[in-house]
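J.: Before anything else, here's the structure in question.
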Amino acid sequence: MDGIELEPQRLLRLYDVMLRARCLDERMIRLHKQGLGAVWIGGPGEEALGASLGLLVYKGQGPSYDYLHLHYRSGATLLAMGADPTDTLRQMMSVATDPYSRGRNLCHHYTVRRWNVVPVSSVIEVQFSMAPGTALANKRAGGGGITIVQGGDAGTAEGDFATCMIWCSRPGNELPCLMIVANNGWGISTPFAEQHGETHTADRAAAFGIESAVIDGYDVEVVYRELEKAMDYVRAKRRPYVLEARVSRLYGHSSSTGGNFISGEADCLALLERKLIERGLVTLQGVEERRRRATQELLDAANVVGLEPAPEGPDAERHVYAERDGVGARGSPQRRDAPGGGGS
Amino acid sequence: MATVVQAIRLALHVGETRLGVTDVFGQDVGPPLGGVFTQTQGLRTAWNTPLDERGIVGMAIGLALAGQRPVAEIQFCDYAFNVIDLMKLAGGMCWSSAGDYNCPLVLMTPVGAGIRGSIYHSHSFDAQATRLAGWKVVMPSNPLDAYGLMLSAIVDPNPVMVLPPKALMRTKAGPGERIPGEPDDDRALSRMIDAPIGDRAKWAPNWPDVADVFVPIGQARVAREGRDVTVVTYGRMVVLALQASTELAKDGIEVEVIDLRTLAPYDWPAVERSVKKTHRLVCANEDTSITNFGEHIVRRAVEELFYELHAPPRLLAGAHLPGIGLADALERATIPQVDAIAQTLRTVARHEP
């Protein structure tokens with residue numbers, strides 16, 4: 001082992017999540033093309049990052065645990081945390097049993113209060129303006145909980161990215177916030193390099209005295225180690241960190257751009273499969289069998305979801321207002337008294 | 001008698017002392033200034049932020065999602081327009097998550113004209129705010145309501161926008177509007193809770209023991225009873241409508257002034273009751289006239305109370321112009337004034353079908 005290699009068990013766990021996340025998105029693309037889901041958007045090509053994050057997160061409810069402000073390419077993170085892929089299909093197919101939005105939102109727009117996964121929004125980068133708020137709560141709670149906020153490279157053009165760096169680096173009031181930029185090189189159909197002069201987005205962190213790193217997001221062992229290092233830093237120092245990971249976008253931006261496989265981009269899953277075969281952890285036949293099985297399971301799940309009821313029209317009127325704190329049947333009231341001063 | 005500013009400050013003090021408020025923050029909100037109108041002086045949880053409205057509202061949302069109880073301020077509503085999408089996000093948090101998350105925050109931002117504020121200190125926000133479903137929106141017209149509505153906003157599990165009128169910030173309470181527990185003598189209250197001019201480093205407020213007096217969100221107030229014509233209004237226009245009503249009373253026209261106090265969810269039964277009594281309706285506010293909240297009330301009255309109406313309902317609102325000019329004559333020509341309100345009420349009251 002060269003120090004970067006992960007334990008076989010951990011690597012196989014990551015593989016399992018990444019494979020299921022890939023097969024899930026591929027099933028969702030098919031559902032869209034069959035007219036069974038309105039829009040597909042997702043994360044094929046950034047599963048190494050997503051799966052690593054999901055396995056490393058300190059999962060729980062309330063400010064003593066990690067808060068996650070994810071984007072709509074974070075399916076692998078949710079699977080790694082233990083989410084049921086059938087629930088993702090439920091949201092994709094807009095059925096009443098969709099636990100994330102009851103048929104209201106697009107696919108991969110998660111919300112899981114019991115795991116501190118705050119609602120994912122279609123609006124690019126707004127999560128970077130909200131993240132300092134949960135990070136301040138993390139800091140006050142005094143435990144090891146941190147806030148993790150994730151977006152793409154193109155979104156960093158929005159002022160919200162600068163907002164996050166400014167609010168997390170106020171002198172004396174630094175916040176435990178890990179900012180992840182999943183850099184796939186694209187803003188929908190416009191290349192990042194055409195619109196941005198900065199070499200690395202992460203370079204912007206230096207102006208705020210924020211530590212940063214730019215990493216290869218294709219190699220899950222690199223991603224896992226670097227992410228672990230960054231999270232440990234934020235957890236221990238209670239300070240922000242910017243992590244930029246180079247990732248791929250293997251099926252384009254979304255169904256709006258066709259949802260077809262893009263050849264020529266690095267594939268983190270294929271790379272991992274080659275590694276596993278080389279190390280004798282799986283066989284080629286084993287890889288094929290796992291893919292076949294995962295694909296079949298998701299097809300079966302989609303067939304079950306297809307029989308589930310659609311929401312009824314009057315349901316649209318529900319949940320405009322909360323009647324009390326922690327309204328979600330899945331949540332419980334959270335109320336804390338803490339000092340002000342914008343500090344801990 | 002407390003002013004609106006003092007009433008807000010007292011409410012925030014009660015909020016951070018008894019109602020779980022964890023943070024009161026925004027541009028210049030913390031010491032030494034304590035708010036551009038002085039409404040946050042002396043508060044234990046008040047702190048200054050970067051001059052970043054998106055950051056302020058984002059911070060409030062994040063804190064709310066993490067179980068804190070934030071009160072955020074945007075110094076003037078004129079500077080809130082670059083935060084509309086975050087407001088939309090806060091208002092949609094409960095709905096889009098099908099009830100998984102609620103977003104209990106208070107956003108306070110002073111609104112309206114009347115302070116010679118020119119183009120960027122005279123805007124209104126009621127039309128924008130009432131388009132943001134999922135928010136509750138309150139707009140006090142006097143200190144007691146400012147106090148009681150703020151308390152209700154603080155304990156509400158939803159995002160609540162508190163829109164005090166800029167021009168009423170120094171308005172003192174009228175008869176019957178005293179906050180229980182505040183001293184009888186105005187100067188005594190000032191000595192207790194107003195920060196001194198100059199060095200404030202060693203100053204600390206001496207808070208009076210004021211009572212929890214909640215003004216329920218969604219409940220209008222009959223500011224003046226009348227039989228001849230109803231004016232549905234809120235904020236600074238309540239004061240002007242009352243002045244106009246006093247004028248009209250000399251001519252025997254009795255105006256009923258409905259102070260909505262809450263714009264979302266608004267008290268339609270109160271409007272309905274009054275219109276069924278007077279059969280004539282005027283809606284008055286300062287916002288620009290096209291796609292105006294009063295326009296909505298007029299529309300609903302036409303749809304639901306058509307056969308009750310003895311005159312065409314009228315909307316009296318700001319001119320649909322890009323801004324409000326600095327010169328007095330320009331502001332007066334842009335925002336409804338007492339004489340125009342009186343004239344409109346007279347016309348509607350005397351209209352014969």
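Identifiers in this document derive from the order of the structure tokens: chains are assigned A, B, ..., residues are numbered from 1 separately in each chain, and ligands are numbered from 1 in order of occurrence.
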Could you go through stretch 51-219 of chain A and tell me which residues DSSP, when run on the backbone, assigns to alpha helix (DSSP H), listing them as a VMD selection string?

T.: chain A and resid 51 to 56 75 to 81 85 to 92 126 to 141 159 to 168 192 to 195

J.: Kindly save the residues from that selection, with N, CA and C atoms included, as a compact mmCIF listing (two decimals), in the first residue's frame.

T.:
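Now in result.txt:
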# COMPACT_ATOMS: atom_id res chain seq x y z
N ALA A 51 -20.27 9.68 -3.13
CA ALA A 51 -20.26 8.51 -2.24
C ALA A 51 -19.31 8.73 -1.06
N SER A 52 -18.16 9.31 -1.33
CA SER A 52 -17.21 9.57 -0.25
C SER A 52 -17.82 10.49 0.80
N LEU A 53 -18.45 11.54 0.33
CA LEU A 53 -19.08 12.49 1.26
C LEU A 53 -20.12 11.80 2.12
N GLY A 54 -20.95 10.99 1.49
CA GLY A 54 -22.03 10.33 2.23
C GLY A 54 -21.51 9.38 3.29
N LEU A 55 -20.36 8.74 3.02
CA LEU A 55 -19.81 7.80 4.00
C LEU A 55 -19.05 8.53 5.12
N LEU A 56 -18.59 9.73 4.84
CA LEU A 56 -17.79 10.45 5.83
C LEU A 56 -18.62 11.37 6.72
N GLY A 75 -27.03 12.46 -5.64
CA GLY A 75 -27.72 11.20 -5.37
C GLY A 75 -26.83 10.19 -4.65
N ALA A 76 -25.56 10.11 -5.05
CA ALA A 76 -24.66 9.13 -4.43
C ALA A 76 -24.47 9.42 -2.94
N THR A 77 -24.48 10.69 -2.58
CA THR A 77 -24.33 11.04 -1.16
C THR A 77 -25.49 10.48 -0.35
N LEU A 78 -26.70 10.64 -0.88
CA LEU A 78 -27.87 10.14 -0.16
C LEU A 78 -27.85 8.62 -0.06
N LEU A 79 -27.47 7.96 -1.15
CA LEU A 79 -27.41 6.49 -1.10
C LEU A 79 -26.38 6.04 -0.07
N ALA A 80 -25.25 6.72 -0.03
CA ALA A 80 -24.20 6.36 0.93
C ALA A 80 -24.69 6.57 2.36
N MET A 81 -25.56 7.54 2.55
CA MET A 81 -26.08 7.80 3.90
C MET A 81 -27.16 6.81 4.29
N PRO A 85 -33.04 3.93 -2.75
CA PRO A 85 -33.11 4.43 -4.13
C PRO A 85 -34.54 4.44 -4.69
N THR A 86 -35.39 3.59 -4.14
CA THR A 86 -36.79 3.60 -4.60
C THR A 86 -37.44 4.95 -4.31
N ASP A 87 -37.04 5.58 -3.20
CA ASP A 87 -37.58 6.91 -2.88
C ASP A 87 -37.15 7.95 -3.91
N THR A 88 -35.93 7.80 -4.42
CA THR A 88 -35.48 8.71 -5.49
C THR A 88 -36.34 8.52 -6.73
N LEU A 89 -36.66 7.27 -7.03
CA LEU A 89 -37.54 6.99 -8.18
C LEU A 89 -38.93 7.56 -7.94
N ARG A 90 -39.36 7.53 -6.69
CA ARG A 90 -40.70 8.08 -6.37
C ARG A 90 -40.74 9.57 -6.68
N GLN A 91 -39.65 10.28 -6.33
CA GLN A 91 -39.63 11.71 -6.63
C GLN A 91 -39.56 11.91 -8.15
N MET A 92 -38.74 11.09 -8.80
CA MET A 92 -38.60 11.17 -10.27
C MET A 92 -39.96 10.97 -10.95
N VAL A 126 -27.65 29.20 -4.28
CA VAL A 126 -28.29 29.80 -3.10
C VAL A 126 -27.89 29.08 -1.81
N GLN A 127 -27.54 27.80 -1.93
CA GLN A 127 -27.16 27.05 -0.74
C GLN A 127 -25.92 27.65 -0.08
N PHE A 128 -25.10 28.34 -0.88
CA PHE A 128 -23.89 28.94 -0.32
C PHE A 128 -24.21 30.18 0.53
N SER A 129 -25.35 30.78 0.32
CA SER A 129 -25.75 31.89 1.20
C SER A 129 -26.37 31.38 2.49
N MET A 130 -26.98 30.20 2.45
CA MET A 130 -27.64 29.66 3.65
C MET A 130 -26.67 28.92 4.56
N ALA A 131 -25.62 28.36 3.96
CA ALA A 131 -24.70 27.49 4.71
C ALA A 131 -24.09 28.18 5.95
N PRO A 132 -23.71 29.47 5.87
CA PRO A 132 -23.15 30.08 7.09
C PRO A 132 -24.10 30.03 8.29
N GLY A 133 -25.40 30.02 8.03
CA GLY A 133 -26.38 29.97 9.13
C GLY A 133 -26.32 28.66 9.88
N THR A 134 -26.30 27.55 9.16
CA THR A 134 -26.22 26.26 9.86
C THR A 134 -24.83 26.08 10.47
N ALA A 135 -23.82 26.66 9.79
CA ALA A 135 -22.45 26.55 10.34
C ALA A 135 -22.33 27.30 11.66
N LEU A 136 -23.01 28.43 11.76
CA LEU A 136 -22.99 29.18 13.03
C LEU A 136 -23.66 28.34 14.13
N ALA A 137 -24.76 27.68 13.76
CA ALA A 137 -25.43 26.81 14.74
C ALA A 137 -24.51 25.65 15.14
N ASN A 138 -23.80 25.09 14.16
CA ASN A 138 -22.82 24.02 14.46
C ASN A 138 -21.79 24.50 15.46
N LYS A 139 -21.28 25.71 15.22
CA LYS A 139 -20.21 26.21 16.07
C LYS A 139 -20.72 26.40 17.51
N ARG A 140 -21.93 26.94 17.61
CA ARG A 140 -22.51 27.16 18.95
C ARG A 140 -22.75 25.86 19.69
N ALA A 141 -23.15 24.84 18.94
CA ALA A 141 -23.52 23.57 19.59
C ALA A 141 -22.31 22.95 20.29
N GLY A 159 -22.87 35.64 -6.78
CA GLY A 159 -22.34 36.30 -5.60
C GLY A 159 -22.41 35.44 -4.35
N ASP A 160 -23.30 34.45 -4.35
CA ASP A 160 -23.49 33.63 -3.15
C ASP A 160 -22.21 32.89 -2.75
N PHE A 161 -21.39 32.55 -3.74
CA PHE A 161 -20.13 31.86 -3.42
C PHE A 161 -19.22 32.79 -2.60
N ALA A 162 -19.14 34.04 -3.04
CA ALA A 162 -18.34 35.02 -2.28
C ALA A 162 -18.99 35.28 -0.92
N THR A 163 -20.31 35.34 -0.90
CA THR A 163 -21.03 35.53 0.37
C THR A 163 -20.59 34.47 1.38
N CYS A 164 -20.55 33.22 0.93
CA CYS A 164 -20.20 32.13 1.84
C CYS A 164 -18.78 32.31 2.38
N MET A 165 -17.85 32.68 1.51
CA MET A 165 -16.46 32.84 1.97
C MET A 165 -16.34 34.03 2.93
N ILE A 166 -17.06 35.12 2.63
CA ILE A 166 -16.99 36.30 3.50
C ILE A 166 -17.58 36.00 4.88
N TRP A 167 -18.76 35.41 4.89
CA TRP A 167 -19.45 35.18 6.17
C TRP A 167 -18.78 34.08 7.00
N CYS A 168 -18.06 33.19 6.34
CA CYS A 168 -17.40 32.11 7.08
C CYS A 168 -16.01 32.51 7.55
N PHE A 192 -16.81 26.37 -18.85
CA PHE A 192 -16.34 27.23 -17.75
C PHE A 192 -15.19 28.12 -18.25
N ALA A 193 -14.27 27.52 -19.00
CA ALA A 193 -13.05 28.23 -19.39
C ALA A 193 -13.34 29.43 -20.30
N GLU A 194 -14.49 29.41 -20.97
CA GLU A 194 -14.84 30.56 -21.81
C GLU A 194 -15.27 31.76 -21.00
N GLN A 195 -15.71 31.52 -19.77
CA GLN A 195 -16.33 32.58 -18.98
C GLN A 195 -15.53 32.99 -17.75

J.: Tell me, as a list in words, which residues lie within 12 Å of A:Ser255, counting only C-alpha atoms; anything in the same chain fewer than 6 positions away does not count.

T.: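 My reading of the contact set: Asp25, Glu26, Met28, Ile29, Arg30, Leu31, His32, Lys33, Gln34, Gly35, Gly37, Ala38, Val39, Trp40, Ile41, Gly42, Leu106, Cys107, Ile188 and Phe261 of chain A.
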
J.: Mind checking which residues fall within 12 Å of B:Thr291, counting only C-alpha atoms, ignoring those fewer than 4 positions away in the same chain, and posting them as an NGL selection string?

T.: :B and (126-128 or 130-131 or 287 or 295-299 or 315 or 317-320)

J.: Between A:Asp216, A:Asp84, A:Glu265, A:Glu158, which residue has the minimum interatomic distance to chain B, considering only C-alpha atoms?

T.: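 Of the candidates, the smallest distance to chain B is held by A:Glu158.
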
J.: Dump as a Markdown table the rows for residues of chain B within 7 Å of chain A: closest atom pair and distance in Å with one decimal, only C-alpha atoms counted, ordered by chain and rising residue number.

T.:
| residue | atom | partner | partner_atom | distance |
| --- | --- | --- | --- | --- |
| B:Gly20 | CA | A:Asp337 | CA | 5.7 |
| B:Thr22 | CA | A:Ala338 | CA | 5.6 |
| B:Asp23 | CA | A:Gly340 | CA | 5.1 |
| B:Arg44 | CA | A:Gly340 | CA | 6.7 |
| B:Thr45 | CA | A:Gly340 | CA | 3.7 |
| B:Ala46 | CA | A:Gly341 | CA | 6.0 |
| B:Trp47 | CA | A:Gly341 | CA | 4.8 |
| B:Arg54 | CA | A:Ser129 | CA | 6.7 |
| B:Gly55 | CA | A:Ser129 | CA | 5.4 |
| B:Gly58 | CA | A:Met130 | CA | 4.1 |
| B:Met59 | CA | A:Gly133 | CA | 4.2 |
| B:Ala60 | CA | A:Gly133 | CA | 6.3 |
| B:Ile61 | CA | A:Met130 | CA | 5.9 |
| B:Gly62 | CA | A:Gly133 | CA | 3.7 |
| B:Leu63 | CA | A:Gly133 | CA | 4.4 |
| B:Ala66 | CA | A:Thr134 | CA | 5.5 |
| B:Gly67 | CA | A:Gln334 | CA | 4.7 |
| B:Gln68 | CA | A:Arg336 | CA | 5.9 |
| B:Cys94 | CA | A:His319 | CA | 5.9 |
| B:Trp95 | CA | A:His319 | CA | 4.8 |
| B:Ser96 | CA | A:Ser101 | CA | 5.7 |
| B:Ser97 | CA | A:Ser101 | CA | 4.8 |
| B:Ala98 | CA | A:Ser101 | CA | 4.9 |
| B:Gly99 | CA | A:Gly328 | CA | 4.9 |
| B:Asp100 | CA | A:Gly328 | CA | 3.9 |
| B:Tyr101 | CA | A:Gly328 | CA | 6.2 |
| B:Asn102 | CA | A:Ala322 | CA | 6.0 |
| B:Gly134 | CA | A:Val320 | CA | 5.2 |
| B:Pro157 | CA | A:Arg324 | CA | 5.3 |
| B:Asn158 | CA | A:Ala322 | CA | 6.1 |

J.: Keeping N, CA and C atoms for every residue in the selection just given, could you write it to a file as a PDB file, in the first residue's frame?

T.:
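Result file follows (part_33.pdb):
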ATOM      1  N   GLY B  20     -36.978  33.044  23.075  1.00  0.00           N
ATOM      2  CA  GLY B  20     -36.003  32.192  22.391  1.00  0.00           C
ATOM      3  C   GLY B  20     -35.260  32.807  21.231  1.00  0.00           C
ATOM      4  N   THR B  22     -32.425  34.067  19.204  1.00  0.00           N
ATOM      5  CA  THR B  22     -30.991  33.823  19.383  1.00  0.00           C
ATOM      6  C   THR B  22     -30.127  34.884  18.732  1.00  0.00           C
ATOM      7  N   ASP B  23     -30.665  35.531  17.697  1.00  0.00           N
ATOM      8  CA  ASP B  23     -29.851  36.472  16.916  1.00  0.00           C
ATOM      9  C   ASP B  23     -30.717  37.596  16.376  1.00  0.00           C
ATOM     10  N   ARG B  44     -29.026  42.179  23.647  1.00  0.00           N
ATOM     11  CA  ARG B  44     -27.945  41.242  23.976  1.00  0.00           C
ATOM     12  C   ARG B  44     -27.497  40.439  22.760  1.00  0.00           C
ATOM     13  N   THR B  45     -28.440  40.098  21.893  1.00  0.00           N
ATOM     14  CA  THR B  45     -28.117  39.196  20.778  1.00  0.00           C
ATOM     15  C   THR B  45     -27.906  39.936  19.453  1.00  0.00           C
ATOM     16  N   ALA B  46     -27.810  41.286  19.512  1.00  0.00           N
ATOM     17  CA  ALA B  46     -27.675  42.045  18.259  1.00  0.00           C
ATOM     18  C   ALA B  46     -26.233  42.028  17.764  1.00  0.00           C
ATOM     19  N   TRP B  47     -26.054  41.832  16.484  1.00  0.00           N
ATOM     20  CA  TRP B  47     -24.699  41.848  15.916  1.00  0.00           C
ATOM     21  C   TRP B  47     -24.682  42.416  14.503  1.00  0.00           C
ATOM     22  N   ARG B  54     -28.039  39.497   0.633  1.00  0.00           N
ATOM     23  CA  ARG B  54     -28.222  38.057   0.364  1.00  0.00           C
ATOM     24  C   ARG B  54     -27.619  37.236   1.505  1.00  0.00           C
ATOM     25  N   GLY B  55     -26.492  37.681   1.992  1.00  0.00           N
ATOM     26  CA  GLY B  55     -25.879  36.982   3.121  1.00  0.00           C
ATOM     27  C   GLY B  55     -26.744  37.073   4.369  1.00  0.00           C
ATOM     28  N   GLY B  58     -29.697  34.790   3.800  1.00  0.00           N
ATOM     29  CA  GLY B  58     -29.195  33.412   3.787  1.00  0.00           C
ATOM     30  C   GLY B  58     -28.841  32.944   5.188  1.00  0.00           C
ATOM     31  N   MET B  59     -28.167  33.804   5.946  1.00  0.00           N
ATOM     32  CA  MET B  59     -27.827  33.485   7.336  1.00  0.00           C
ATOM     33  C   MET B  59     -29.101  33.185   8.133  1.00  0.00           C
ATOM     34  N   ALA B  60     -30.121  34.014   7.937  1.00  0.00           N
ATOM     35  CA  ALA B  60     -31.373  33.816   8.679  1.00  0.00           C
ATOM     36  C   ALA B  60     -31.992  32.461   8.338  1.00  0.00           C
ATOM     37  N   ILE B  61     -31.979  32.128   7.059  1.00  0.00           N
ATOM     38  CA  ILE B  61     -32.564  30.833   6.654  1.00  0.00           C
ATOM     39  C   ILE B  61     -31.762  29.691   7.283  1.00  0.00           C
ATOM     40  N   GLY B  62     -30.447  29.776   7.188  1.00  0.00           N
ATOM     41  CA  GLY B  62     -29.612  28.710   7.745  1.00  0.00           C
ATOM     42  C   GLY B  62     -29.823  28.547   9.241  1.00  0.00           C
ATOM     43  N   LEU B  63     -29.848  29.660   9.948  1.00  0.00           N
ATOM     44  CA  LEU B  63     -30.089  29.596  11.391  1.00  0.00           C
ATOM     45  C   LEU B  63     -31.449  28.974  11.686  1.00  0.00           C
ATOM     46  N   ALA B  66     -31.579  25.354  11.351  1.00  0.00           N
ATOM     47  CA  ALA B  66     -30.804  24.668  12.396  1.00  0.00           C
ATOM     48  C   ALA B  66     -31.397  24.910  13.789  1.00  0.00           C
ATOM     49  N   GLY B  67     -32.659  25.344  13.843  1.00  0.00           N
ATOM     50  CA  GLY B  67     -33.347  25.412  15.128  1.00  0.00           C
ATOM     51  C   GLY B  67     -33.062  26.649  15.954  1.00  0.00           C
ATOM     52  N   GLN B  68     -32.364  27.634  15.367  1.00  0.00           N
ATOM     53  CA  GLN B  68     -32.160  28.900  16.073  1.00  0.00           C
ATOM     54  C   GLN B  68     -33.390  29.785  15.809  1.00  0.00           C
ATOM     55  N   CYS B  94     -41.231  24.988   3.499  1.00  0.00           N
ATOM     56  CA  CYS B  94     -42.164  24.016   4.083  1.00  0.00           C
ATOM     57  C   CYS B  94     -42.942  23.304   2.975  1.00  0.00           C
ATOM     58  N   TRP B  95     -43.392  24.082   2.018  1.00  0.00           N
ATOM     59  CA  TRP B  95     -44.218  23.512   0.947  1.00  0.00           C
ATOM     60  C   TRP B  95     -43.424  22.567   0.069  1.00  0.00           C
ATOM     61  N   SER B  96     -42.232  23.004  -0.364  1.00  0.00           N
ATOM     62  CA  SER B  96     -41.481  22.178  -1.314  1.00  0.00           C
ATOM     63  C   SER B  96     -40.937  20.918  -0.651  1.00  0.00           C
ATOM     64  N   SER B  97     -40.763  20.963   0.667  1.00  0.00           N
ATOM     65  CA  SER B  97     -40.304  19.755   1.364  1.00  0.00           C
ATOM     66  C   SER B  97     -41.487  18.971   1.920  1.00  0.00           C
ATOM     67  N   ALA B  98     -42.689  19.346   1.492  1.00  0.00           N
ATOM     68  CA  ALA B  98     -43.920  18.680   1.955  1.00  0.00           C
ATOM     69  C   ALA B  98     -43.966  18.599   3.478  1.00  0.00           C
ATOM     70  N   GLY B  99     -43.537  19.687   4.117  1.00  0.00           N
ATOM     71  CA  GLY B  99     -43.660  19.763   5.563  1.00  0.00           C
ATOM     72  C   GLY B  99     -42.481  19.196   6.333  1.00  0.00           C
ATOM     73  N   ASP B 100     -41.422  18.779   5.638  1.00  0.00           N
ATOM     74  CA  ASP B 100     -40.275  18.208   6.360  1.00  0.00           C
ATOM     75  C   ASP B 100     -39.536  19.295   7.133  1.00  0.00           C
ATOM     76  N   TYR B 101     -39.358  20.452   6.516  1.00  0.00           N
ATOM     77  CA  TYR B 101     -38.665  21.569   7.166  1.00  0.00           C
ATOM     78  C   TYR B 101     -39.620  22.755   7.286  1.00  0.00           C
ATOM     79  N   ASN B 102     -39.563  23.458   8.401  1.00  0.00           N
ATOM     80  CA  ASN B 102     -40.179  24.783   8.466  1.00  0.00           C
ATOM     81  C   ASN B 102     -39.046  25.790   8.609  1.00  0.00           C
ATOM     82  N   GLY B 134     -46.208  31.579   1.368  1.00  0.00           N
ATOM     83  CA  GLY B 134     -45.468  30.886   2.419  1.00  0.00           C
ATOM     84  C   GLY B 134     -44.942  31.840   3.478  1.00  0.00           C
ATOM     85  N   PRO B 157     -43.940  29.754  13.556  1.00  0.00           N
ATOM     86  CA  PRO B 157     -43.004  28.768  12.982  1.00  0.00           C
ATOM     87  C   PRO B 157     -42.711  28.988  11.501  1.00  0.00           C
ATOM     88  N   ASN B 158     -43.159  30.104  10.948  1.00  0.00           N
ATOM     89  CA  ASN B 158     -42.974  30.384   9.522  1.00  0.00           C
ATOM     90  C   ASN B 158     -42.125  31.636   9.337  1.00  0.00           C
TER      91      ASN B 158
END

J.: Counting only C-alpha atoms, figure out which residue out of B:Thr233, B:Thr334, B:Ser118, B:Thr347 gets nearest to B:Thr288.

T.: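 Among the listed residues, the smallest separation from B:Thr288 belongs to B:Thr334.
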
J.: Given the choices B:Ser190, B:Thr171, B:Ser141, B:Asn48, which gets closest to B:Val29 if the distance is worked out from only C-alpha atoms?

T.: B:Asn48

J.: Which residues are close to B:Val137, i.e. within 8 Å by only C-alpha atoms, leaving aside same-chain residues fewer than 5 positions away? Reply as a list in words.

T.: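 Those residues are Ala129, Thr130, Val160, Met161, Val162, Leu163, Thr262, Leu263, Ala264 and Pro265 of chain B.
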
J.: For C-alpha atoms, I'd like the residues from the last selection saved as a short mmCIF file (atom, residue, chain, number, x, y, z; two decimals), in the first residue's frame.

T.:
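Written file, result.cif:
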data_model
loop_
_atom_site.label_atom_id
_atom_site.label_comp_id
_atom_site.auth_asym_id
_atom_site.auth_seq_id
_atom_site.Cartn_x
_atom_site.Cartn_y
_atom_site.Cartn_z
CA ALA B 129 -44.01 40.69 -0.17
CA THR B 130 -47.56 39.53 -0.79
CA VAL B 160 -42.56 36.45 8.84
CA MET B 161 -41.81 39.80 7.27
CA VAL B 162 -42.24 42.78 9.55
CA LEU B 163 -42.59 45.97 7.52
CA THR B 262 -51.41 41.66 8.37
CA LEU B 263 -51.18 41.43 4.60
CA ALA B 264 -50.57 37.70 4.51
CA PRO B 265 -52.70 35.92 5.50
#

J.: Distance atom CA of A:Thr283-atom CA of A:Ala270, one decimal place?

T.: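 These two atoms are separated by 13.3 Å.
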
J.: Residues within 9 Å of A:Gly144, please, as a count of residues only. Count only C-alpha atoms; anything in the same chain fewer than 6 positions from it doesn't count.

T.: 9

J.: If you measure from atom CA of B:Ile197 to atom CA of B:Pro32, what distance in Å do you get, rounded to one decimal?

T.: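 One can read the atom CA of B:Ile197 to atom CA of B:Pro32 distance as 10.4 Å.
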